[in-house]
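> Okay, so here is run-v7.cif, and as you'll see once you scroll down, it has mmCIF, N, CA and C atoms.
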data_data
loop_
_atom_site.label_atom_id
_atom_site.label_comp_id
_atom_site.auth_asym_id
_atom_site.auth_seq_id
_atom_site.Cartn_x
_atom_site.Cartn_y
_atom_site.Cartn_z
N MET R 1455 -14.11 -53.46 2.90
CA MET R 1455 -13.04 -52.49 3.03
C MET R 1455 -13.52 -51.27 3.79
N SER R 1456 -12.70 -50.78 4.64
CA SER R 1456 -13.07 -49.57 5.37
C SER R 1456 -12.31 -48.39 4.79
N ALA R 1457 -13.00 -47.29 4.66
CA ALA R 1457 -12.37 -46.08 4.11
C ALA R 1457 -11.52 -45.43 5.20
N ARG R 1458 -10.31 -45.03 4.84
CA ARG R 1458 -9.42 -44.38 5.80
C ARG R 1458 -9.71 -42.89 5.85
N SER R 1459 -9.64 -42.34 7.01
CA SER R 1459 -9.86 -40.91 7.20
C SER R 1459 -8.62 -40.15 6.74
N PRO R 1460 -8.79 -39.02 5.98
CA PRO R 1460 -7.63 -38.25 5.54
C PRO R 1460 -6.96 -37.48 6.68
N VAL R 1461 -7.64 -37.38 7.82
CA VAL R 1461 -7.11 -36.67 8.97
C VAL R 1461 -6.44 -37.68 9.91
N ALA R 1462 -5.27 -37.34 10.39
CA ALA R 1462 -4.57 -38.23 11.31
C ALA R 1462 -5.37 -38.42 12.58
N ALA R 1463 -5.21 -39.58 13.19
CA ALA R 1463 -5.94 -39.89 14.42
C ALA R 1463 -5.51 -38.93 15.52
N PHE R 1464 -6.47 -38.51 16.33
CA PHE R 1464 -6.19 -37.58 17.42
C PHE R 1464 -6.00 -38.35 18.70
N LYS R 1465 -4.98 -38.00 19.45
CA LYS R 1465 -4.74 -38.62 20.75
C LYS R 1465 -4.59 -37.51 21.79
N VAL R 1466 -5.22 -37.68 22.92
CA VAL R 1466 -5.13 -36.70 24.00
C VAL R 1466 -3.68 -36.63 24.48
N GLY R 1467 -3.18 -35.40 24.62
CA GLY R 1467 -1.82 -35.20 25.12
C GLY R 1467 -0.79 -34.98 24.03
N ILE R 1468 -1.18 -35.12 22.76
CA ILE R 1468 -0.24 -34.87 21.66
C ILE R 1468 0.00 -33.37 21.57
N LYS R 1469 1.26 -33.00 21.38
CA LYS R 1469 1.60 -31.58 21.27
C LYS R 1469 1.23 -31.05 19.89
N ALA R 1470 0.89 -29.79 19.85
CA ALA R 1470 0.55 -29.13 18.60
C ALA R 1470 1.81 -28.86 17.80
N ASP R 1471 1.67 -28.82 16.49
CA ASP R 1471 2.80 -28.51 15.60
C ASP R 1471 2.99 -26.99 15.60
N VAL R 1472 3.90 -26.51 16.43
CA VAL R 1472 4.09 -25.07 16.56
C VAL R 1472 5.03 -24.51 15.50
N ALA R 1473 5.68 -25.35 14.74
CA ALA R 1473 6.60 -24.87 13.71
C ALA R 1473 5.86 -24.38 12.47
N ARG R 1474 4.55 -24.66 12.41
CA ARG R 1474 3.76 -24.24 11.27
C ARG R 1474 3.62 -22.73 11.24
N PRO R 1475 3.90 -22.08 10.12
CA PRO R 1475 3.71 -20.63 10.06
C PRO R 1475 2.22 -20.29 10.00
N ASN R 1476 1.86 -19.17 10.60
CA ASN R 1476 0.46 -18.78 10.52
C ASN R 1476 0.20 -18.14 9.15
N ASP R 1477 -1.04 -18.12 8.77
CA ASP R 1477 -1.40 -17.60 7.46
C ASP R 1477 -2.01 -16.22 7.52
N ILE R 1478 -1.83 -15.53 8.64
CA ILE R 1478 -2.39 -14.19 8.79
C ILE R 1478 -1.36 -13.18 8.28
N LEU R 1479 -1.79 -12.33 7.38
CA LEU R 1479 -0.89 -11.30 6.85
C LEU R 1479 -0.66 -10.21 7.88
N PRO R 1480 0.57 -9.69 7.93
CA PRO R 1480 0.79 -8.54 8.81
C PRO R 1480 0.04 -7.33 8.25
N PRO R 1481 -0.19 -6.31 9.06
CA PRO R 1481 -0.90 -5.12 8.56
C PRO R 1481 -0.19 -4.50 7.35
N LEU R 1482 -0.97 -3.83 6.51
CA LEU R 1482 -0.45 -3.24 5.28
C LEU R 1482 0.72 -2.31 5.54
N ARG R 1483 0.64 -1.48 6.55
CA ARG R 1483 1.71 -0.54 6.86
C ARG R 1483 3.03 -1.28 7.12
N GLU R 1484 2.97 -2.39 7.85
CA GLU R 1484 4.18 -3.18 8.13
C GLU R 1484 4.71 -3.83 6.86
N ARG R 1485 3.81 -4.32 6.01
CA ARG R 1485 4.26 -4.94 4.75
C ARG R 1485 4.95 -3.93 3.86
N LEU R 1486 4.40 -2.71 3.79
CA LEU R 1486 5.02 -1.67 2.96
C LEU R 1486 6.38 -1.26 3.52
N ARG R 1487 6.45 -1.13 4.83
CA ARG R 1487 7.72 -0.72 5.45
C ARG R 1487 8.80 -1.79 5.33
N SER R 1488 8.41 -3.07 5.35
CA SER R 1488 9.41 -4.14 5.29
C SER R 1488 9.74 -4.56 3.86
N ALA R 1489 9.07 -4.00 2.88
CA ALA R 1489 9.36 -4.33 1.48
C ALA R 1489 10.77 -3.86 1.12
N PRO R 1490 11.45 -4.59 0.25
CA PRO R 1490 12.80 -4.16 -0.13
C PRO R 1490 12.78 -2.80 -0.84
N VAL R 1491 13.81 -2.02 -0.59
CA VAL R 1491 13.91 -0.68 -1.18
C VAL R 1491 14.40 -0.82 -2.62
N THR R 1492 13.69 -0.20 -3.56
CA THR R 1492 14.07 -0.29 -4.97
C THR R 1492 14.63 1.02 -5.52
N MET R 1493 14.56 2.07 -4.73
CA MET R 1493 15.09 3.36 -5.18
C MET R 1493 16.45 3.60 -4.53
N ASP R 1494 17.14 4.69 -4.91
CA ASP R 1494 18.46 4.93 -4.32
C ASP R 1494 18.32 5.25 -2.84
N ALA R 1495 19.30 4.78 -2.07
CA ALA R 1495 19.23 4.82 -0.61
C ALA R 1495 19.18 6.24 -0.05
N LYS R 1496 19.93 7.16 -0.66
CA LYS R 1496 19.97 8.53 -0.15
C LYS R 1496 18.60 9.20 -0.24
N ASN R 1497 17.98 9.11 -1.41
CA ASN R 1497 16.65 9.69 -1.58
C ASN R 1497 15.60 8.95 -0.75
N PHE R 1498 15.78 7.65 -0.57
CA PHE R 1498 14.83 6.90 0.26
C PHE R 1498 14.86 7.41 1.70
N MET R 1499 16.06 7.60 2.24
CA MET R 1499 16.17 8.07 3.62
C MET R 1499 15.60 9.49 3.77
N ARG R 1500 15.84 10.33 2.76
CA ARG R 1500 15.29 11.69 2.80
C ARG R 1500 13.76 11.66 2.71
N MET R 1501 13.23 10.78 1.85
CA MET R 1501 11.78 10.66 1.70
C MET R 1501 11.16 10.13 3.00
N LYS R 1502 11.76 9.11 3.57
CA LYS R 1502 11.24 8.49 4.80
C LYS R 1502 11.22 9.48 5.96
N ALA R 1503 12.20 10.38 5.99
CA ALA R 1503 12.28 11.38 7.06
C ALA R 1503 11.41 12.60 6.79
N GLY R 1504 10.77 12.65 5.61
CA GLY R 1504 9.90 13.78 5.28
C GLY R 1504 10.65 14.99 4.76
N ARG R 1505 11.93 14.82 4.41
CA ARG R 1505 12.72 15.95 3.91
C ARG R 1505 12.68 16.09 2.39
N LEU R 1506 12.17 15.10 1.70
CA LEU R 1506 12.01 15.17 0.25
C LEU R 1506 10.61 15.69 -0.03
N LYS R 1507 10.52 16.82 -0.71
CA LYS R 1507 9.22 17.46 -0.91
C LYS R 1507 8.50 16.86 -2.12
N PRO R 1508 7.25 16.42 -1.93
CA PRO R 1508 6.49 15.89 -3.07
C PRO R 1508 6.25 16.97 -4.13
N GLU R 1509 6.36 16.56 -5.39
CA GLU R 1509 6.20 17.50 -6.51
C GLU R 1509 4.75 17.59 -6.98
N GLY R 1510 3.92 16.70 -6.51
CA GLY R 1510 2.51 16.71 -6.87
C GLY R 1510 1.72 16.02 -5.80
N ARG R 1511 0.41 16.28 -5.80
CA ARG R 1511 -0.42 15.69 -4.76
C ARG R 1511 -1.81 15.41 -5.30
N LEU R 1512 -2.34 14.25 -4.94
CA LEU R 1512 -3.69 13.85 -5.32
C LEU R 1512 -4.46 13.52 -4.06
N ASP R 1513 -5.60 14.17 -3.87
CA ASP R 1513 -6.42 13.92 -2.68
C ASP R 1513 -7.63 13.08 -3.07
N LEU R 1514 -7.61 11.81 -2.67
CA LEU R 1514 -8.71 10.89 -2.95
C LEU R 1514 -9.67 10.80 -1.78
N HIS R 1515 -9.39 11.54 -0.74
CA HIS R 1515 -10.16 11.49 0.49
C HIS R 1515 -11.63 11.76 0.20
N GLY R 1516 -12.49 10.85 0.62
CA GLY R 1516 -13.94 11.02 0.45
C GLY R 1516 -14.48 10.48 -0.86
N MET R 1517 -13.63 9.96 -1.75
CA MET R 1517 -14.11 9.42 -3.02
C MET R 1517 -14.48 7.95 -2.87
N TYR R 1518 -15.32 7.47 -3.78
CA TYR R 1518 -15.63 6.06 -3.88
C TYR R 1518 -14.58 5.39 -4.75
N GLN R 1519 -14.49 4.06 -4.68
CA GLN R 1519 -13.48 3.33 -5.45
C GLN R 1519 -13.60 3.60 -6.94
N ASP R 1520 -14.82 3.59 -7.46
CA ASP R 1520 -15.00 3.76 -8.90
C ASP R 1520 -14.66 5.18 -9.37
N GLU R 1521 -14.61 6.14 -8.47
CA GLU R 1521 -14.16 7.49 -8.80
C GLU R 1521 -12.65 7.61 -8.63
N ALA R 1522 -12.13 6.98 -7.58
CA ALA R 1522 -10.73 7.15 -7.21
C ALA R 1522 -9.78 6.43 -8.16
N TYR R 1523 -10.12 5.25 -8.62
CA TYR R 1523 -9.21 4.46 -9.46
C TYR R 1523 -8.83 5.18 -10.76
N PRO R 1524 -9.80 5.69 -11.55
CA PRO R 1524 -9.41 6.41 -12.77
C PRO R 1524 -8.64 7.71 -12.47
N GLU R 1525 -8.98 8.37 -11.36
CA GLU R 1525 -8.24 9.58 -10.97
C GLU R 1525 -6.78 9.25 -10.68
N LEU R 1526 -6.57 8.14 -9.97
CA LEU R 1526 -5.22 7.71 -9.63
C LEU R 1526 -4.42 7.38 -10.87
N ILE R 1527 -5.02 6.65 -11.80
CA ILE R 1527 -4.32 6.28 -13.04
C ILE R 1527 -3.92 7.53 -13.81
N ALA R 1528 -4.86 8.45 -14.00
CA ALA R 1528 -4.57 9.68 -14.76
C ALA R 1528 -3.50 10.50 -14.06
N PHE R 1529 -3.59 10.63 -12.74
CA PHE R 1529 -2.62 11.44 -12.00
C PHE R 1529 -1.21 10.87 -12.10
N ILE R 1530 -1.06 9.59 -11.86
CA ILE R 1530 0.27 8.97 -11.87
C ILE R 1530 0.89 9.03 -13.27
N LEU R 1531 0.13 8.69 -14.29
CA LEU R 1531 0.68 8.70 -15.65
C LEU R 1531 1.01 10.13 -16.12
N ASN R 1532 0.19 11.10 -15.74
CA ASN R 1532 0.48 12.50 -16.09
C ASN R 1532 1.69 13.02 -15.33
N ALA R 1533 1.82 12.63 -14.07
CA ALA R 1533 2.97 13.07 -13.27
C ALA R 1533 4.26 12.50 -13.84
N GLN R 1534 4.24 11.25 -14.26
CA GLN R 1534 5.44 10.66 -14.85
C GLN R 1534 5.76 11.33 -16.18
N ALA R 1535 4.75 11.61 -16.98
CA ALA R 1535 4.97 12.28 -18.26
C ALA R 1535 5.54 13.68 -18.06
N ALA R 1536 5.18 14.32 -16.96
CA ALA R 1536 5.68 15.67 -16.67
C ALA R 1536 7.08 15.64 -16.04
N GLY R 1537 7.62 14.44 -15.79
CA GLY R 1537 8.96 14.32 -15.25
C GLY R 1537 9.04 14.41 -13.73
N LYS R 1538 7.91 14.30 -13.06
CA LYS R 1538 7.92 14.34 -11.59
C LYS R 1538 8.42 13.00 -11.05
N ARG R 1539 9.09 13.05 -9.90
CA ARG R 1539 9.63 11.82 -9.31
C ARG R 1539 8.88 11.40 -8.06
N LEU R 1540 8.53 12.35 -7.19
CA LEU R 1540 7.85 12.01 -5.94
C LEU R 1540 6.50 12.71 -5.88
N VAL R 1541 5.45 11.92 -5.72
CA VAL R 1541 4.11 12.49 -5.57
C VAL R 1541 3.48 11.92 -4.31
N LEU R 1542 2.49 12.64 -3.82
CA LEU R 1542 1.79 12.25 -2.60
C LEU R 1542 0.35 11.90 -2.97
N VAL R 1543 -0.10 10.72 -2.56
CA VAL R 1543 -1.48 10.30 -2.78
C VAL R 1543 -2.15 10.22 -1.42
N ILE R 1544 -3.14 11.08 -1.20
CA ILE R 1544 -3.85 11.15 0.08
C ILE R 1544 -5.12 10.32 -0.01
N THR R 1545 -5.23 9.33 0.88
CA THR R 1545 -6.41 8.46 0.89
C THR R 1545 -7.31 8.73 2.07
N GLY R 1546 -6.80 9.35 3.09
CA GLY R 1546 -7.54 9.49 4.35
C GLY R 1546 -7.33 8.24 5.17
N LYS R 1547 -7.52 8.35 6.45
CA LYS R 1547 -7.27 7.20 7.33
C LYS R 1547 -8.43 6.22 7.37
N GLY R 1548 -9.63 6.69 7.10
CA GLY R 1548 -10.79 5.82 7.20
C GLY R 1548 -11.18 5.63 8.64
N ARG R 1549 -12.37 5.17 8.87
CA ARG R 1549 -12.84 4.89 10.23
C ARG R 1549 -12.67 3.41 10.51
N LEU R 1550 -12.39 3.11 11.74
CA LEU R 1550 -12.22 1.71 12.13
C LEU R 1550 -13.47 1.21 12.86
N ASP R 1551 -13.86 -0.02 12.53
CA ASP R 1551 -14.89 -0.72 13.29
C ASP R 1551 -16.19 0.04 13.48
N ASP R 1552 -16.75 0.57 12.42
CA ASP R 1552 -18.05 1.22 12.60
C ASP R 1552 -19.17 0.41 11.95
N GLY R 1553 -18.88 -0.84 11.59
CA GLY R 1553 -19.92 -1.74 11.13
C GLY R 1553 -20.36 -1.55 9.69
N TRP R 1554 -19.54 -0.99 8.85
CA TRP R 1554 -19.89 -0.78 7.45
C TRP R 1554 -19.44 -1.96 6.63
N GLY R 1555 -20.22 -3.00 6.55
CA GLY R 1555 -19.93 -4.15 5.70
C GLY R 1555 -18.73 -4.94 6.17
N PRO R 1556 -18.34 -5.94 5.37
CA PRO R 1556 -17.25 -6.82 5.78
C PRO R 1556 -15.88 -6.14 5.79
N GLU R 1557 -15.70 -5.11 4.97
CA GLU R 1557 -14.40 -4.46 4.89
C GLU R 1557 -14.28 -3.23 5.77
N GLY R 1558 -15.40 -2.71 6.23
CA GLY R 1558 -15.35 -1.49 7.02
C GLY R 1558 -15.02 -0.31 6.13
N ARG R 1559 -14.51 0.74 6.74
CA ARG R 1559 -14.12 1.91 5.97
C ARG R 1559 -12.62 1.91 5.77
N GLY R 1560 -12.10 2.91 5.10
CA GLY R 1560 -10.67 2.95 4.83
C GLY R 1560 -10.31 2.08 3.65
N VAL R 1561 -11.26 1.87 2.74
CA VAL R 1561 -11.04 0.99 1.60
C VAL R 1561 -9.94 1.53 0.69
N LEU R 1562 -9.95 2.84 0.42
CA LEU R 1562 -8.92 3.41 -0.46
C LEU R 1562 -7.54 3.25 0.16
N ARG R 1563 -7.46 3.39 1.45
CA ARG R 1563 -6.19 3.24 2.14
C ARG R 1563 -5.60 1.86 1.89
N ARG R 1564 -6.47 0.84 1.81
CA ARG R 1564 -6.00 -0.53 1.55
C ARG R 1564 -5.77 -0.79 0.07
N TYR R 1565 -6.59 -0.22 -0.79
CA TYR R 1565 -6.53 -0.57 -2.21
C TYR R 1565 -5.50 0.21 -3.02
N VAL R 1566 -5.20 1.44 -2.64
CA VAL R 1566 -4.28 2.26 -3.44
C VAL R 1566 -2.92 1.57 -3.64
N PRO R 1567 -2.28 1.02 -2.59
CA PRO R 1567 -1.01 0.33 -2.83
C PRO R 1567 -1.14 -0.86 -3.79
N GLN R 1568 -2.28 -1.55 -3.74
CA GLN R 1568 -2.50 -2.66 -4.66
C GLN R 1568 -2.68 -2.16 -6.09
N TRP R 1569 -3.45 -1.09 -6.25
CA TRP R 1569 -3.67 -0.53 -7.58
C TRP R 1569 -2.36 -0.07 -8.21
N LEU R 1570 -1.46 0.45 -7.38
CA LEU R 1570 -0.19 0.96 -7.90
C LEU R 1570 0.72 -0.16 -8.39
N LYS R 1571 0.43 -1.40 -7.99
CA LYS R 1571 1.24 -2.54 -8.43
C LYS R 1571 0.65 -3.23 -9.65
N LEU R 1572 -0.52 -2.78 -10.10
CA LEU R 1572 -1.19 -3.37 -11.25
C LEU R 1572 -0.94 -2.53 -12.50
N GLN R 1573 -1.21 -3.13 -13.66
CA GLN R 1573 -1.15 -2.39 -14.92
C GLN R 1573 -2.28 -1.37 -14.93
N PRO R 1574 -2.16 -0.23 -15.50
CA PRO R 1574 -1.05 0.35 -16.25
C PRO R 1574 -0.06 1.12 -15.38
N LEU R 1575 -0.21 1.08 -14.05
CA LEU R 1575 0.63 1.90 -13.18
C LEU R 1575 1.95 1.25 -12.78
N ALA R 1576 2.02 -0.06 -12.76
CA ALA R 1576 3.21 -0.77 -12.29
C ALA R 1576 4.50 -0.34 -13.01
N PRO R 1577 4.49 -0.16 -14.33
CA PRO R 1577 5.74 0.27 -14.98
C PRO R 1577 6.16 1.69 -14.60
N ALA R 1578 5.24 2.50 -14.12
CA ALA R 1578 5.55 3.89 -13.79
C ALA R 1578 6.02 4.05 -12.35
N VAL R 1579 5.66 3.12 -11.48
CA VAL R 1579 5.91 3.26 -10.04
C VAL R 1579 7.16 2.49 -9.63
N LEU R 1580 8.06 3.19 -8.95
CA LEU R 1580 9.28 2.55 -8.45
C LEU R 1580 9.13 2.16 -6.98
N GLU R 1581 8.48 2.99 -6.18
CA GLU R 1581 8.40 2.76 -4.74
C GLU R 1581 7.09 3.32 -4.19
N VAL R 1582 6.48 2.61 -3.24
CA VAL R 1582 5.29 3.08 -2.53
C VAL R 1582 5.56 2.90 -1.05
N ARG R 1583 5.45 3.99 -0.30
CA ARG R 1583 5.69 3.94 1.15
C ARG R 1583 4.69 4.84 1.86
N PRO R 1584 4.38 4.52 3.12
CA PRO R 1584 3.52 5.42 3.90
C PRO R 1584 4.20 6.78 4.07
N ALA R 1585 3.44 7.84 4.05
CA ALA R 1585 3.99 9.19 4.14
C ALA R 1585 4.46 9.51 5.55
N HIS R 1586 5.35 10.47 5.62
CA HIS R 1586 5.82 11.00 6.90
C HIS R 1586 4.65 11.74 7.55
N LEU R 1587 4.70 11.87 8.86
CA LEU R 1587 3.61 12.50 9.61
C LEU R 1587 3.28 13.90 9.09
N LYS R 1588 4.30 14.67 8.70
CA LYS R 1588 4.03 16.04 8.23
C LYS R 1588 3.39 16.08 6.84
N HIS R 1589 3.38 14.96 6.13
CA HIS R 1589 2.73 14.88 4.82
C HIS R 1589 1.46 14.03 4.85
N GLY R 1590 0.97 13.70 6.03
CA GLY R 1590 -0.29 12.97 6.12
C GLY R 1590 -0.23 11.67 6.89
N GLY R 1591 0.95 11.18 7.20
CA GLY R 1591 1.09 9.97 8.01
C GLY R 1591 0.35 8.78 7.45
N ASP R 1592 -0.47 8.15 8.29
CA ASP R 1592 -1.19 6.94 7.90
C ASP R 1592 -2.23 7.17 6.81
N GLY R 1593 -2.60 8.40 6.57
CA GLY R 1593 -3.64 8.69 5.58
C GLY R 1593 -3.11 9.06 4.22
N ALA R 1594 -1.80 8.84 3.97
CA ALA R 1594 -1.22 9.21 2.67
C ALA R 1594 -0.06 8.29 2.32
N TYR R 1595 0.26 8.24 1.04
CA TYR R 1595 1.37 7.43 0.55
C TYR R 1595 2.29 8.28 -0.32
N TYR R 1596 3.60 8.04 -0.16
CA TYR R 1596 4.57 8.57 -1.11
C TYR R 1596 4.63 7.59 -2.27
N VAL R 1597 4.60 8.12 -3.48
CA VAL R 1597 4.77 7.29 -4.67
C VAL R 1597 5.96 7.86 -5.43
N TYR R 1598 7.04 7.08 -5.49
CA TYR R 1598 8.25 7.50 -6.19
C TYR R 1598 8.18 6.91 -7.59
N LEU R 1599 8.25 7.77 -8.58
CA LEU R 1599 8.03 7.34 -9.97
C LEU R 1599 9.35 7.09 -10.71
N ARG R 1600 9.28 6.19 -11.68
CA ARG R 1600 10.44 5.92 -12.54
C ARG R 1600 10.60 7.08 -13.52
N ARG R 1601 11.82 7.24 -13.98
CA ARG R 1601 12.06 8.22 -15.05
C ARG R 1601 11.46 7.67 -16.34
N ARG R 1602 10.89 8.55 -17.10
CA ARG R 1602 10.30 8.14 -18.37
C ARG R 1602 11.39 7.97 -19.41
N LYS R 1603 11.34 6.88 -20.15
CA LYS R 1603 12.38 6.61 -21.17
C LYS R 1603 12.03 7.24 -22.48
#
As C-alpha cells - that is how I would like this structure written.

Amino acid sequence: MSARSPVAAFKVGIKADVARPNDILPPLRERLRSAPVTMDAKNFMRMKAGRLKPEGRLDLHGMYQDEAYPELIAFILNAQAAGKRLVLVITGKGRLDDGWGPEGRGVLRRYVPQWLKLQPLAPAVLEVRPAHLKHGGDGAYYVYLRRRK
C-alpha cells in the first residue's frame, strides 16, 4: 500500500485560489475605528471630533508593562466610581523599527486596548477609540466608561 499525500498534487499552470481570505490582521487603529459603536451616536460624534472634553487623564508614557497595567486598572475603576464618563489614556506613540526585540517599541500602545477588554476592566468600559489629534492622536485613547449601577 502506498501512503497518500495530504497535499493535493501540484500541476504547472493551475490558478491560485484567490477567494481565500488572508490571515493578516489590519492595523490596530483600523480595527478600533471599524468596531461597532456601542455608545450613543451624538456623544460618539462629539468625542470623535475632539469636542467632548475628557474628565480625567492617565499618562502611561515611558512606563513598563508591569508598571502600566496596575496603574490602568486603578485609574479606570476609580474614574468609574467617581462618575466620570470620558477619560484619556496616553500611551505615547512608541518608536518604529529600531530593532528592540520581536515586538519593537510602542508595546503599551498595542496592549492598552486589549487590557481594557479583559477583566476587571471590561465591565467598566463601554468604548475605546483613538484620540483626536488635539488630545494626543495616535499616542492616546479615549475610554468611554459605563455608568456605575
> Quick one: residues within 9 Å of stretch 1512-1517 of chain R, only C-alpha atoms counted, chain neighbours fewer than 4 positions away excluded, as a list in words?
Glu1521, Ala1522, Glu1525, Leu1526, Phe1529, Val1541, Leu1542, Val1543, Ile1544, Thr1545, Gly1546, Lys1547, Gly1548, Leu1562, Gly1593 and Ala1594 of chain R
> Counting only N, CA and C atoms, what is within 8 Å of R:Leu1506, bar same-chain residues fewer than 6 positions away, as a PyMOL selection string?
chain R and resi 1497+1499-1500+1540
> Please save N, CA and C atoms of the selected residues as a short mmCIF file (atom, residue, chain, number, x, y, z; two decimals), in the frame of the given file.

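selection-v9.cif written:
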data_model
loop_
_atom_site.label_atom_id
_atom_site.label_comp_id
_atom_site.auth_asym_id
_atom_site.auth_seq_id
_atom_site.Cartn_x
_atom_site.Cartn_y
_atom_site.Cartn_z
N ASN R 1497 17.98 9.11 -1.41
CA ASN R 1497 16.65 9.69 -1.58
C ASN R 1497 15.60 8.95 -0.75
N MET R 1499 16.06 7.60 2.24
CA MET R 1499 16.17 8.07 3.62
C MET R 1499 15.60 9.49 3.77
N ARG R 1500 15.84 10.33 2.76
CA ARG R 1500 15.29 11.69 2.80
C ARG R 1500 13.76 11.66 2.71
N LEU R 1540 8.53 12.35 -7.19
CA LEU R 1540 7.85 12.01 -5.94
C LEU R 1540 6.50 12.71 -5.88
#
> Could you write out, as a list in words, all the residues of chain R that DSSP marks as strand (DSSP E)?
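For chain R, the strand (DSSP E) set is Gly1510, Arg1511, Leu1512, Asp1513, Leu1540, Val1541, Leu1542, Val1543, Ile1544, Val1579, Leu1580, Glu1581, Val1582, Arg1583, Pro1584, Ala1594, Tyr1595, Tyr1596, Val1597, Tyr1598 and Leu1599 of chain R.
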> Put those residues in a file: N, CA and C atoms, as a PDB file, in the frame of the given file.

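New file result_34.pdb:
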ATOM      1  N   GLY R1510       3.920  16.700  -6.510  1.00  0.00           N
ATOM      2  CA  GLY R1510       2.510  16.710  -6.870  1.00  0.00           C
ATOM      3  C   GLY R1510       1.720  16.020  -5.800  1.00  0.00           C
ATOM      4  N   ARG R1511       0.410  16.280  -5.800  1.00  0.00           N
ATOM      5  CA  ARG R1511      -0.420  15.690  -4.760  1.00  0.00           C
ATOM      6  C   ARG R1511      -1.810  15.410  -5.300  1.00  0.00           C
ATOM      7  N   LEU R1512      -2.340  14.250  -4.940  1.00  0.00           N
ATOM      8  CA  LEU R1512      -3.690  13.850  -5.320  1.00  0.00           C
ATOM      9  C   LEU R1512      -4.460  13.520  -4.060  1.00  0.00           C
ATOM     10  N   ASP R1513      -5.600  14.170  -3.870  1.00  0.00           N
ATOM     11  CA  ASP R1513      -6.420  13.920  -2.680  1.00  0.00           C
ATOM     12  C   ASP R1513      -7.630  13.080  -3.070  1.00  0.00           C
ATOM     13  N   LEU R1540       8.530  12.350  -7.190  1.00  0.00           N
ATOM     14  CA  LEU R1540       7.850  12.010  -5.940  1.00  0.00           C
ATOM     15  C   LEU R1540       6.500  12.710  -5.880  1.00  0.00           C
ATOM     16  N   VAL R1541       5.450  11.920  -5.720  1.00  0.00           N
ATOM     17  CA  VAL R1541       4.110  12.490  -5.570  1.00  0.00           C
ATOM     18  C   VAL R1541       3.480  11.920  -4.310  1.00  0.00           C
ATOM     19  N   LEU R1542       2.490  12.640  -3.820  1.00  0.00           N
ATOM     20  CA  LEU R1542       1.790  12.250  -2.600  1.00  0.00           C
ATOM     21  C   LEU R1542       0.350  11.900  -2.970  1.00  0.00           C
ATOM     22  N   VAL R1543      -0.100  10.720  -2.560  1.00  0.00           N
ATOM     23  CA  VAL R1543      -1.480  10.300  -2.780  1.00  0.00           C
ATOM     24  C   VAL R1543      -2.150  10.220  -1.420  1.00  0.00           C
ATOM     25  N   ILE R1544      -3.140  11.080  -1.200  1.00  0.00           N
ATOM     26  CA  ILE R1544      -3.850  11.150   0.080  1.00  0.00           C
ATOM     27  C   ILE R1544      -5.120  10.320  -0.010  1.00  0.00           C
ATOM     28  N   VAL R1579       5.660   3.120 -11.480  1.00  0.00           N
ATOM     29  CA  VAL R1579       5.910   3.260 -10.040  1.00  0.00           C
ATOM     30  C   VAL R1579       7.160   2.490  -9.630  1.00  0.00           C
ATOM     31  N   LEU R1580       8.060   3.190  -8.950  1.00  0.00           N
ATOM     32  CA  LEU R1580       9.280   2.550  -8.450  1.00  0.00           C
ATOM     33  C   LEU R1580       9.130   2.160  -6.980  1.00  0.00           C
ATOM     34  N   GLU R1581       8.480   2.990  -6.180  1.00  0.00           N
ATOM     35  CA  GLU R1581       8.400   2.760  -4.740  1.00  0.00           C
ATOM     36  C   GLU R1581       7.090   3.320  -4.190  1.00  0.00           C
ATOM     37  N   VAL R1582       6.480   2.610  -3.240  1.00  0.00           N
ATOM     38  CA  VAL R1582       5.290   3.080  -2.530  1.00  0.00           C
ATOM     39  C   VAL R1582       5.560   2.900  -1.050  1.00  0.00           C
ATOM     40  N   ARG R1583       5.450   3.990  -0.300  1.00  0.00           N
ATOM     41  CA  ARG R1583       5.690   3.940   1.150  1.00  0.00           C
ATOM     42  C   ARG R1583       4.690   4.840   1.860  1.00  0.00           C
ATOM     43  N   PRO R1584       4.380   4.520   3.120  1.00  0.00           N
ATOM     44  CA  PRO R1584       3.520   5.420   3.900  1.00  0.00           C
ATOM     45  C   PRO R1584       4.200   6.780   4.070  1.00  0.00           C
ATOM     46  N   ALA R1594      -1.800   8.840   3.970  1.00  0.00           N
ATOM     47  CA  ALA R1594      -1.220   9.210   2.670  1.00  0.00           C
ATOM     48  C   ALA R1594      -0.060   8.290   2.320  1.00  0.00           C
ATOM     49  N   TYR R1595       0.260   8.240   1.040  1.00  0.00           N
ATOM     50  CA  TYR R1595       1.370   7.430   0.550  1.00  0.00           C
ATOM     51  C   TYR R1595       2.290   8.280  -0.320  1.00  0.00           C
ATOM     52  N   TYR R1596       3.600   8.040  -0.160  1.00  0.00           N
ATOM     53  CA  TYR R1596       4.570   8.570  -1.110  1.00  0.00           C
ATOM     54  C   TYR R1596       4.630   7.590  -2.270  1.00  0.00           C
ATOM     55  N   VAL R1597       4.600   8.120  -3.480  1.00  0.00           N
ATOM     56  CA  VAL R1597       4.770   7.290  -4.670  1.00  0.00           C
ATOM     57  C   VAL R1597       5.960   7.860  -5.430  1.00  0.00           C
ATOM     58  N   TYR R1598       7.040   7.080  -5.490  1.00  0.00           N
ATOM     59  CA  TYR R1598       8.250   7.500  -6.190  1.00  0.00           C
ATOM     60  C   TYR R1598       8.180   6.910  -7.590  1.00  0.00           C
ATOM     61  N   LEU R1599       8.250   7.770  -8.580  1.00  0.00           N
ATOM     62  CA  LEU R1599       8.030   7.340  -9.970  1.00  0.00           C
ATOM     63  C   LEU R1599       9.350   7.090 -10.710  1.00  0.00           C
TER      64      LEU R1599
END
> Translate the PyMOL selection byres ((chain R and resi 1578) around 6), as applied to the file shown, into an explicit residue set as a list in words.
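Expected selection for the PyMOL selection byres ((chain R and resi 1578) around 6) here is Pro1574, Leu1575, Ala1576, Pro1577, Val1579, Leu1580, Tyr1598, Leu1599 and Arg1600 of chain R.
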> What's the separation between atom C of R:Tyr1595 and atom C of R:Val1582, in Å to one decimal place?
6.3 Å
> If I take atom CA of R:Arg1563 and atom CA of R:Gln1519, how far is one from the other in Å, to one decimal?
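Atom CA of R:Gln1519 lies at a distance of 10.5 Å from atom CA of R:Arg1563.
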> Please compute the atom CA of R:Gly1560-atom CA of R:Arg1483 distance, one decimal, in Å.
13.0 Å
> I'd like to know which of R:Val1561, R:Leu1479, R:Val1597, R:Val1491 is closest to R:Arg1539, using only C-alpha atoms.
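Among R:Val1561, R:Leu1479, R:Val1597, R:Val1491, it is R:Val1597 that comes nearest to R:Arg1539.
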